[in-house]
Every structure is written in C-alpha cells, then in structure tokens.
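Visitor: The structure file structure.txt (compact mmCIF, C-alpha atoms) is provided below.
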# COMPACT_ATOMS: atom_id res chain seq x y z
CA MET E 1 9.71 19.72 -37.73
CA LEU E 2 10.12 16.53 -39.72
CA SER E 3 11.51 16.88 -43.23
CA LYS E 4 10.19 14.79 -46.11
CA THR E 5 13.34 12.63 -45.98
CA GLU E 6 12.91 12.10 -42.26
CA LYS E 7 9.27 11.08 -42.65
CA GLU E 8 10.28 8.52 -45.29
CA LEU E 9 13.10 7.26 -43.09
CA ILE E 10 10.71 6.86 -40.17
CA VAL E 11 8.19 4.90 -42.22
CA GLN E 12 11.00 2.68 -43.56
CA ILE E 13 12.43 1.94 -40.12
CA TRP E 14 9.07 1.27 -38.55
CA GLU E 15 8.02 -1.12 -41.33
CA LYS E 16 11.18 -3.12 -40.56
CA LEU E 17 10.36 -3.15 -36.85
CA LEU E 18 6.79 -4.40 -37.21
CA PRO E 19 7.71 -8.06 -37.79
CA VAL E 20 9.82 -8.03 -34.63
CA ALA E 21 7.46 -5.80 -32.68
CA GLU E 22 7.36 -8.17 -29.71
CA ASP E 23 11.15 -8.28 -29.40
CA ILE E 24 11.67 -4.53 -29.76
CA GLY E 25 8.75 -3.58 -27.55
CA SER E 26 9.49 -5.99 -24.73
CA GLU E 27 13.18 -5.09 -24.76
CA ALA E 28 12.48 -1.36 -24.60
CA LEU E 29 10.07 -1.88 -21.73
CA LEU E 30 12.47 -4.13 -19.84
CA ARG E 31 15.30 -1.63 -20.28
CA MET E 32 13.04 1.06 -18.89
CA PHE E 33 11.98 -1.01 -15.87
CA ILE E 34 15.57 -1.86 -14.98
CA THR E 35 17.15 1.53 -15.65
CA PHE E 36 14.29 3.54 -14.14
CA PRO E 37 12.75 1.29 -11.47
CA LYS E 38 10.08 3.83 -10.59
CA THR E 39 8.39 3.13 -13.94
CA LYS E 40 7.41 -0.28 -12.58
CA THR E 41 4.90 1.42 -10.30
CA TYR E 42 2.48 1.59 -13.23
CA PHE E 43 2.52 -2.12 -13.93
CA ASN E 44 1.20 -3.93 -10.89
CA HIS E 45 -1.38 -5.59 -13.04
CA LEU E 46 1.17 -7.30 -15.31
CA ASP E 47 3.96 -9.81 -14.95
CA ILE E 48 6.88 -7.76 -16.26
CA GLY E 49 9.68 -10.23 -15.65
CA PRO E 50 12.15 -10.73 -18.51
CA GLY E 51 10.63 -12.87 -21.25
CA SER E 52 7.17 -12.84 -19.73
CA GLN E 53 4.20 -13.17 -22.05
CA HIS E 54 2.65 -9.97 -20.65
CA LEU E 55 5.80 -8.04 -21.41
CA ARG E 56 5.97 -9.32 -24.98
CA CYS E 57 2.28 -8.68 -25.58
CA HIS E 58 2.39 -5.19 -24.14
CA GLY E 59 5.60 -4.35 -26.00
CA LYS E 60 4.01 -5.50 -29.26
CA LYS E 61 0.97 -3.28 -28.70
CA ILE E 62 3.16 -0.24 -28.22
CA ILE E 63 5.33 -0.83 -31.29
CA GLU E 64 2.23 -1.40 -33.41
CA ALA E 65 0.74 1.89 -32.17
CA LEU E 66 4.01 3.64 -33.03
CA ALA E 67 3.97 2.06 -36.49
CA GLU E 68 0.42 3.30 -36.99
CA GLY E 69 1.59 6.78 -36.01
CA ALA E 70 4.52 6.52 -38.40
CA ARG E 71 2.14 5.75 -41.27
CA ASN E 72 0.01 8.79 -40.36
CA ILE E 73 2.58 11.34 -39.23
CA SER E 74 0.69 14.30 -40.66
CA THR E 75 -2.47 13.42 -38.76
CA LEU E 76 -1.10 12.24 -35.43
CA THR E 77 -3.70 14.10 -33.37
CA THR E 78 -6.65 12.39 -35.04
CA THR E 79 -4.94 9.01 -35.44
CA LEU E 80 -4.04 8.90 -31.76
CA ALA E 81 -7.18 10.53 -30.36
CA HIS E 82 -8.31 7.38 -28.58
CA LEU E 83 -4.85 6.64 -27.13
CA SER E 84 -4.54 10.26 -26.13
CA ARG E 85 -7.77 10.07 -24.11
CA PHE E 86 -6.72 6.74 -22.63
CA HIS E 87 -3.40 8.08 -21.38
CA ALA E 88 -4.95 11.26 -19.99
CA TYR E 89 -8.05 9.98 -18.28
CA GLN E 90 -7.30 6.38 -17.43
CA LEU E 91 -3.58 5.71 -17.29
CA ARG E 92 -2.60 9.14 -15.93
CA ILE E 93 1.11 8.39 -15.97
CA HIS E 94 3.43 11.19 -14.97
CA PRO E 95 4.40 12.83 -18.29
CA THR E 96 8.15 12.59 -17.66
CA ASN E 97 7.81 8.86 -18.21
CA PHE E 98 7.28 9.36 -21.94
CA LYS E 99 10.83 10.68 -22.25
CA LEU E 100 12.22 7.74 -20.27
CA PHE E 101 10.47 5.20 -22.47
CA ASN E 102 11.40 7.02 -25.70
CA HIS E 103 15.03 6.96 -24.61
CA CYS E 104 14.84 3.21 -24.02
CA ILE E 105 13.33 2.70 -27.48
CA LEU E 106 16.28 4.58 -28.98
CA VAL E 107 18.73 2.47 -27.00
CA THR E 108 17.00 -0.71 -28.12
CA LEU E 109 17.13 0.42 -31.74
CA ALA E 110 20.81 1.30 -31.39
CA CYS E 111 21.56 -2.13 -30.00
CA LYS E 112 19.65 -3.91 -32.72
CA MET E 113 20.67 -1.73 -35.67
CA GLY E 114 24.28 -0.95 -34.80
CA ASP E 115 25.84 1.26 -37.48
CA HIS E 116 22.55 1.41 -39.36
CA PHE E 117 21.20 3.51 -36.52
CA THR E 118 22.86 6.53 -38.07
CA PRO E 119 22.74 10.02 -36.52
CA ALA E 120 20.14 10.93 -39.13
CA ALA E 121 17.97 7.96 -38.20
CA HIS E 122 18.49 8.74 -34.50
CA ALA E 123 17.42 12.35 -34.98
CA ALA E 124 14.40 11.43 -37.08
CA ILE E 125 13.16 8.76 -34.66
CA ASP E 126 13.75 10.96 -31.64
CA LYS E 127 11.75 13.77 -33.23
CA PHE E 128 8.99 11.34 -34.14
CA LEU E 129 8.83 9.86 -30.65
CA SER E 130 8.69 13.35 -29.11
CA ALA E 131 5.86 14.35 -31.41
CA PHE E 132 4.03 11.10 -30.65
CA SER E 133 4.38 11.56 -26.87
CA ALA E 134 3.28 15.18 -27.11
CA VAL E 135 0.02 14.02 -28.68
CA LEU E 136 -0.39 11.32 -26.01
CA ALA E 137 0.13 13.93 -23.30
CA GLU E 138 -2.08 16.57 -24.98
CA LYS E 139 -5.20 15.97 -22.94
CA PHE E 140 -3.44 15.66 -19.58
CA ARG E 141 -4.65 19.11 -18.64
CA MET H 1 25.68 14.40 3.69
CA VAL H 2 23.78 17.56 2.89
CA GLU H 3 25.53 20.75 3.97
CA TRP H 4 23.24 23.42 5.38
CA THR H 5 24.28 27.01 5.90
CA GLU H 6 23.26 28.81 9.08
CA PHE H 7 20.84 30.85 7.03
CA GLU H 8 19.23 27.75 5.54
CA ARG H 9 18.82 26.04 8.90
CA ALA H 10 17.39 29.14 10.49
CA THR H 11 15.05 29.76 7.55
CA ILE H 12 13.62 26.25 7.60
CA GLN H 13 13.14 26.23 11.36
CA ASN H 14 11.56 29.65 11.20
CA LEU H 15 9.22 28.87 8.30
CA PHE H 16 7.96 25.64 9.81
CA SER H 17 7.64 26.92 13.36
CA LYS H 18 5.27 29.63 12.11
CA MET H 19 3.44 27.41 9.63
CA ASP H 20 -0.17 26.27 9.98
CA TYR H 21 0.46 22.66 8.95
CA ASP H 22 -3.20 21.86 8.48
CA THR H 23 -3.90 24.69 6.04
CA VAL H 24 -0.65 24.43 4.14
CA GLY H 25 -1.08 20.66 3.93
CA GLN H 26 -4.62 20.85 2.59
CA GLN H 27 -3.80 23.64 0.16
CA SER H 28 -0.65 21.97 -1.17
CA LEU H 29 -2.28 18.63 -1.84
CA ALA H 30 -5.41 20.24 -3.31
CA ARG H 31 -3.31 22.38 -5.64
CA CYS H 32 -1.33 19.36 -6.71
CA LEU H 33 -4.50 17.45 -7.63
CA ILE H 34 -5.88 20.47 -9.48
CA VAL H 35 -2.78 21.68 -11.32
CA TYR H 36 -1.46 18.19 -12.13
CA PRO H 37 -4.63 16.14 -12.59
CA TRP H 38 -2.82 12.87 -13.24
CA THR H 39 -1.83 12.80 -9.57
CA GLN H 40 -5.49 12.03 -8.85
CA ARG H 41 -4.73 8.46 -9.91
CA TYR H 42 -3.59 7.68 -6.37
CA PHE H 43 -6.73 8.95 -4.72
CA GLY H 44 -9.50 6.92 -6.32
CA ASN H 45 -11.21 6.36 -2.96
CA PHE H 46 -11.22 10.02 -1.92
CA GLY H 47 -14.68 10.73 -3.30
CA ASN H 48 -15.48 13.81 -5.36
CA LEU H 49 -12.40 15.18 -7.15
CA TYR H 50 -14.41 16.26 -10.15
CA ASN H 51 -13.40 19.90 -10.26
CA ALA H 52 -11.28 22.44 -8.41
CA ALA H 53 -14.09 23.45 -6.04
CA ALA H 54 -14.78 19.83 -5.14
CA ILE H 55 -11.09 19.18 -4.52
CA MET H 56 -10.68 22.28 -2.37
CA GLY H 57 -13.68 21.26 -0.26
CA ASN H 58 -12.91 17.55 -0.06
CA PRO H 59 -12.39 16.47 3.57
CA ASN H 60 -10.24 13.46 2.60
CA VAL H 61 -7.87 15.74 0.74
CA ALA H 62 -7.67 18.03 3.77
CA ALA H 63 -7.01 15.12 6.11
CA HIS H 64 -4.34 13.64 3.89
CA GLY H 65 -2.67 17.01 3.32
CA LYS H 66 -2.33 17.23 7.10
CA VAL H 67 -0.72 13.79 7.25
CA VAL H 68 1.82 14.75 4.60
CA LEU H 69 2.79 18.02 6.28
CA HIS H 70 3.15 16.41 9.66
CA GLY H 71 5.34 13.81 7.95
CA LEU H 72 7.52 16.67 6.69
CA ASP H 73 8.05 17.70 10.27
CA ARG H 74 10.35 14.73 10.78
CA ALA H 75 12.77 16.16 8.25
CA VAL H 76 12.55 19.61 9.86
CA LYS H 77 13.63 18.04 13.14
CA ASN H 78 16.36 15.85 11.55
CA MET H 79 17.87 18.04 8.88
CA ASP H 80 21.22 16.30 9.16
CA ASP H 81 19.92 12.86 8.38
CA ILE H 82 16.87 13.18 6.18
CA LYS H 83 17.92 10.14 4.16
CA ALA H 84 17.67 7.78 7.15
CA THR H 85 14.63 9.54 8.54
CA TYR H 86 12.63 8.70 5.42
CA ALA H 87 14.00 5.25 4.59
CA GLU H 88 10.86 3.51 5.85
CA LEU H 89 8.47 6.01 4.27
CA SER H 90 10.32 5.58 1.00
CA VAL H 91 9.76 1.83 1.09
CA LEU H 92 6.10 2.44 1.92
CA HIS H 93 5.65 4.78 -1.04
CA SER H 94 7.46 2.50 -3.46
CA GLU H 95 6.32 -0.97 -2.43
CA LYS H 96 2.91 -0.46 -0.94
CA LEU H 97 1.58 2.80 -2.36
CA LYS H 98 3.39 2.48 -5.71
CA VAL H 99 3.66 6.23 -6.21
CA ASP H 100 5.75 7.52 -9.12
CA PRO H 101 8.38 9.57 -7.27
CA ASP H 102 8.28 12.29 -9.94
CA ASN H 103 4.99 13.25 -8.34
CA PHE H 104 6.75 14.11 -5.07
CA ARG H 105 8.48 16.92 -6.92
CA LEU H 106 5.13 18.26 -8.06
CA LEU H 107 3.73 18.27 -4.53
CA ALA H 108 6.87 20.05 -3.32
CA ASP H 109 6.42 22.69 -6.03
CA CYS H 110 2.80 23.21 -5.00
CA MET H 111 3.80 23.57 -1.38
CA THR H 112 6.36 26.21 -2.35
CA VAL H 113 3.66 28.15 -4.18
CA VAL H 114 1.30 27.94 -1.19
CA VAL H 115 3.98 29.18 1.21
CA ALA H 116 4.92 31.96 -1.22
CA ALA H 117 1.32 33.10 -1.47
CA GLN H 118 1.09 33.22 2.30
CA GLN H 119 4.40 34.98 2.92
CA GLY H 120 4.28 37.54 0.14
CA ALA H 121 7.32 39.81 0.11
CA ALA H 122 8.91 37.93 3.01
CA PHE H 123 9.35 34.97 0.67
CA THR H 124 12.55 36.38 -0.76
CA PRO H 125 14.65 34.52 -3.36
CA ASP H 126 16.99 33.37 -0.58
CA VAL H 127 14.13 32.01 1.48
CA GLN H 128 12.72 30.32 -1.60
CA ALA H 129 16.09 28.73 -2.38
CA ALA H 130 16.37 27.39 1.18
CA LEU H 131 12.87 25.91 1.12
CA GLN H 132 13.36 24.39 -2.31
CA LYS H 133 16.70 22.88 -1.28
CA PHE H 134 15.07 21.39 1.81
CA LEU H 135 12.14 19.99 -0.17
CA SER H 136 14.41 18.55 -2.84
CA VAL H 137 16.38 16.67 -0.17
CA VAL H 138 13.09 15.28 1.17
CA VAL H 139 11.93 14.34 -2.33
CA SER H 140 15.24 12.63 -3.03
CA ALA H 141 15.10 10.67 0.25
CA LEU H 142 11.57 9.52 -0.49
CA GLY H 143 12.61 8.39 -3.94
CA ARG H 144 15.60 6.35 -2.81
CA GLN H 145 14.05 3.00 -2.08
CA TYR H 146 12.64 2.27 -5.52
CA HIS H 147 14.18 -0.90 -6.90
With the file now loaded, output its structure as structure tokens.
Guide:
Amino acid sequence: MLSKTEKELIVQIWEKLLPVAEDIGSEALLRMFITFPKTKTYFNHLDIGPGSQHLRCHGKKIIEALAEGARNISTLTTTLAHLSRFHAYQLRIHPTNFKLFNHCILVTLACKMGDHFTPAAHAAIDKFLSAFSAVLAEKFR
Amino acid sequence: MVEWTEFERATIQNLFSKMDYDTVGQQSLARCLIVYPWTQRYFGNFGNLYNAAAIMGNPNVAAHGKVVLHGLDRAVKNMDDIKATYAELSVLHSEKLKVDPDNFRLLADCMTVVVAAQQGAAFTPDVQAALQKFLSVVVSALGRQYH
C-alpha cells in the first residue's frame, strides 16, 4: 500500500522526469535489451539501437504513461484501462517482462539521481511500478 | 554438465518410452494456449483459437504439438549433452521465431500437468522432480542462444 508521503514523493519524482522523458525512457529500455536480450524479441518492428529515434520515441511514450499513472494513483485501473487492454489483447508480452523493465527503470533512476534516489524513494517507486504493471497485466487472463 | 542419478535417467527413459507423443504434444500445447493466452501471439496463422474448445480441436495446434514433442525426443536420447543438442533449435527460436524464452517454461509446466493427469498415482513426487529437472535443462538449453 502506498502511504500519503509515498504518493507525494512519486508525483514529485515523476514531474521531474517528464522533461527528460526521452532520456530516461530510452535508457531504461536499452538497459533492458542489453541485460535481458530476450526482451528484444518483442521489438522487431522498431530500430532499438542505442540513440535511435524509435528508442527515444518509445521510451518517451512509456515515461509519459507512467507520469499519467503517478498523477492518478488512486484510479489506476480506470486511467490505464486502454493500455491494459492493449497489453492483454494486442501486445501479449509474457508478464515476467514487466518486472525486468521495472528493474531497469529503477537502475536508470539510481544512475541519474545518485544519492537522491534514497531508499524511501526506491521503495515508493518500486511499489508504484508494481501496482502499475499489475493493472497492465490485469486482463491477461 | 548436468548430473543425472540412475533413478532420473531410468525415469525419463521409462516415461518417454511409454508416452503417446502425439496426444501429449497436442494436449500440452493446447493447454499452454488456453491457460496462458498471451502465448497465442506466436500462432496468428493457426486459425481459430477463439476459445478452449476451438483450441483443443484445432488441427494446427495438434500438428505443432507433435512437432514439439518429437523435438523433445532428441534430449531424451542425448541426456548428457542437451546443451549442444539444442544449440541450433535455440538459434531458430531466438533469431527466426523470436519466441520469449519464458514461454518455454510455461509449455514445460503444461506438459508436466498433462503427464501427471495421465499417470495419476504413478506420478510420484520423485518422478515429478525428475521430469521437471529434465524439462528445465531443455528449457535452459533452448534459451541459451538469445543475444
């Protein structure tokens, strides 16, 4: 469960990430593709080389969706309904991949934020990302 | 190198020598598509996968289940070098078929359930452990060539 403080922390952090959404998103994706090569199997339709425009664009989309979720934490199910359907019926990624990507987001944040990525921030973001992925995976079956 | 006990070797040989590959193959793949619907993403050209009944009756699923089980046979006959046995198949699954290897685990789990249902009480915990160890070695070998 997210405490009031954690919800505020999450909103704060995500507002700061929005302006650099492309950087954060593309880095998290790239980290995932290199650390967990099997995740590349879902991206035949994109050029996911380092620095590629597709990677930056896709990364930005994801961070913006996460920011939207952060602003509506109490209503994640309704806010993400469309994305939830999309992931279940069209993308159909294996659900373990959510954890892999979330981990890479945390690593990216740690690299960028250094000491500011405190244990409290880490815990709050991890909880948020888990809740977000759970909603995305809700309609899988 | 994977170490197999005498019991494990004997159990695997025994299980597979008595197995109806065609039925187990069809049932395992069908279950996988039904229980884990996202795995259907790889079978867009298989026709009607709309519901469980359709999947169970789908001839493409049956045919492919057979192919998979007969592929498993190679590991049964080469238990001491499963890694090398599947090197080529691993490349095929990663580079051509682009299958997320986490899905192999799901198919292996479904196969275990199918075999359990068939064997009943004979599928003791020890037998289950041997089969699951064998399948996990296969799954690992298939997942090796993803770069």
Visitor: Between atom CA of E:Glu64 and atom CA of E:Asp23, what is the spacing in Å?
Guide: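 Going from atom CA of E:Asp23 over to atom CA of E:Glu64, I get 12.0 Å.
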Visitor: Just to confirm, what's the straight-line distance from atom CA of E:Ala67 to atom CA of E:Ile10 in Å (one decimal)?
Guide: 9.1 Å
Visitor: Quick one: everything within 12 Å of H:Val35, counting only C-alpha atoms, minus sequence neighbours fewer than 2 positions away in the same chain. Send it as a ChimeraX atom specification.
Guide: /E:140-141 /H:27-33,37-40,51-52,55-56,103,106-107,109-110,113
Visitor: If we count all atoms listed in the file and set the cut-off at 10 Å, which residues sit around E:Ala121, ignoring sequence neighbours fewer than 6 positions away in its own chain? Please answer as a PyMOL selection string.
Guide: chain E and resi 6+9-10+13+106+109-110+127
Visitor: Which residues of chain E come within 7 Å of chain H, and for each one, what is the closest pair of atoms and their distance in Å to one decimal, counting all atoms listed in the file, sorted by chain and residue number, as CSV?
Guide:
residue,atom,partner,partner_atom,distance
E:Pro37,CA,H:His147,CA,5.3
E:Lys38,CA,H:Asp100,CA,5.9
E:Thr41,CA,H:Lys98,CA,4.9
E:Arg92,CA,H:Trp38,CA,4.6
E:Ile93,CA,H:Trp38,CA,6.6
E:His94,CA,H:Trp38,CA,6.7
E:Phe140,CA,H:Trp38,CA,7.0
E:Arg141,CA,H:Pro37,CA,6.7
Visitor: I want to know what sits within 9 Å of E:Arg56, based on only C-alpha atoms, with residues of the same chain fewer than 4 positions away left out; could you give that as a PyMOL selection string?
Guide: chain E and resi 21-27+48+51-52+60-61
Visitor: Please compute the atom CA of H:Leu142-atom CA of H:His64 distance, one decimal, in Å.
Guide: 17.0 Å
Visitor: Which residue, H:Glu88, H:Ala75, H:Val115, H:Ser136, has the smallest gap to H:Gln13 when you use only C-alpha atoms?
Guide: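 Looking at the shortest contact to H:Gln13, the residue is H:Ala75.
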Visitor: Do you know which residues are at most 9 Å from H:Phe134 counting all atoms listed in the file, after dropping those on the same chain fewer than 3 positions away, and could you put them as a PDB file with C-alpha atoms, in the frame of the given file?
Guide:
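Result file is result_14.pdb:
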ATOM      1  CA  GLU H   8      19.230  27.750   5.540  1.00  0.00           C
ATOM      2  CA  ILE H  12      13.620  26.250   7.600  1.00  0.00           C
ATOM      3  CA  ALA H  75      12.770  16.160   8.250  1.00  0.00           C
ATOM      4  CA  VAL H  76      12.550  19.610   9.860  1.00  0.00           C
ATOM      5  CA  MET H  79      17.870  18.040   8.880  1.00  0.00           C
ATOM      6  CA  ALA H 129      16.090  28.730  -2.380  1.00  0.00           C
ATOM      7  CA  ALA H 130      16.370  27.390   1.180  1.00  0.00           C
ATOM      8  CA  LEU H 131      12.870  25.910   1.120  1.00  0.00           C
ATOM      9  CA  VAL H 137      16.380  16.670  -0.170  1.00  0.00           C
ATOM     10  CA  VAL H 138      13.090  15.280   1.170  1.00  0.00           C
ATOM     11  CA  VAL H 139      11.930  14.340  -2.330  1.00  0.00           C
TER      12      VAL H 139
END
Visitor: Return the single residue from E:Leu76, E:Leu2, E:Ala65, E:Val135 that is closest to E:Phe98, with distances computed using all atoms listed in the file.
Guide: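 Nearest to E:Phe98: E:Val135.
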Visitor: Got a sec: who's within 12 Å of E:Met1, counting all atoms listed in the file, leaving out chain neighbours fewer than 6 positions off, as a ChimeraX atom specification?
Guide: /E:7,73-74,123-128,130-131
Visitor: So that I have them on file, write out the residues from the current selection with C-alpha atoms, as a PDB file, keeping the file's coordinate frame.
Guide:
ATOM      1  CA  LYS E   7       9.270  11.080 -42.650  1.00  0.00           C
ATOM      2  CA  ILE E  73       2.580  11.340 -39.230  1.00  0.00           C
ATOM      3  CA  SER E  74       0.690  14.300 -40.660  1.00  0.00           C
ATOM      4  CA  ALA E 123      17.420  12.350 -34.980  1.00  0.00           C
ATOM      5  CA  ALA E 124      14.400  11.430 -37.080  1.00  0.00           C
ATOM      6  CA  ILE E 125      13.160   8.760 -34.660  1.00  0.00           C
ATOM      7  CA  ASP E 126      13.750  10.960 -31.640  1.00  0.00           C
ATOM      8  CA  LYS E 127      11.750  13.770 -33.230  1.00  0.00           C
ATOM      9  CA  PHE E 128       8.990  11.340 -34.140  1.00  0.00           C
ATOM     10  CA  SER E 130       8.690  13.350 -29.110  1.00  0.00           C
ATOM     11  CA  ALA E 131       5.860  14.350 -31.410  1.00  0.00           C
TER      12      ALA E 131
END
Visitor: Of the residues E:Leu55, E:Ala70, E:Ala137, E:Ala120, which is the one nearest to E:Met32, using all atoms listed in the file?
Guide: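 Distance minimum relative to E:Met32 lands on E:Leu55.
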Visitor: May I have the protein, DNA and RNA residues with any atom at most 8 Å from the point (9.8, 2.0, -22.5), counting only C-alpha atoms, written as a list in words?
Guide: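 Final list of nearby residues, as requested, is Gly25, Ala28, Leu29, Leu30, Arg31, Met32, Phe33, Phe98, Leu100, Phe101, Asn102, His103, Cys104 and Ile105 of chain E.
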Visitor: For the selection you just gave me, I'd like the residues written to a file as a short mmCIF file (atom, residue, chain, number, x, y, z; two decimals), in the coordinates of the input, keeping C-alpha atoms.
Guide:
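Written output follows (result.cif):
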data_model
loop_
_atom_site.label_atom_id
_atom_site.label_comp_id
_atom_site.auth_asym_id
_atom_site.auth_seq_id
_atom_site.Cartn_x
_atom_site.Cartn_y
_atom_site.Cartn_z
CA GLY E 25 8.75 -3.58 -27.55
CA ALA E 28 12.48 -1.36 -24.60
CA LEU E 29 10.07 -1.88 -21.73
CA LEU E 30 12.47 -4.13 -19.84
CA ARG E 31 15.30 -1.63 -20.28
CA MET E 32 13.04 1.06 -18.89
CA PHE E 33 11.98 -1.01 -15.87
CA PHE E 98 7.28 9.36 -21.94
CA LEU E 100 12.22 7.74 -20.27
CA PHE E 101 10.47 5.20 -22.47
CA ASN E 102 11.40 7.02 -25.70
CA HIS E 103 15.03 6.96 -24.61
CA CYS E 104 14.84 3.21 -24.02
CA ILE E 105 13.33 2.70 -27.48
#
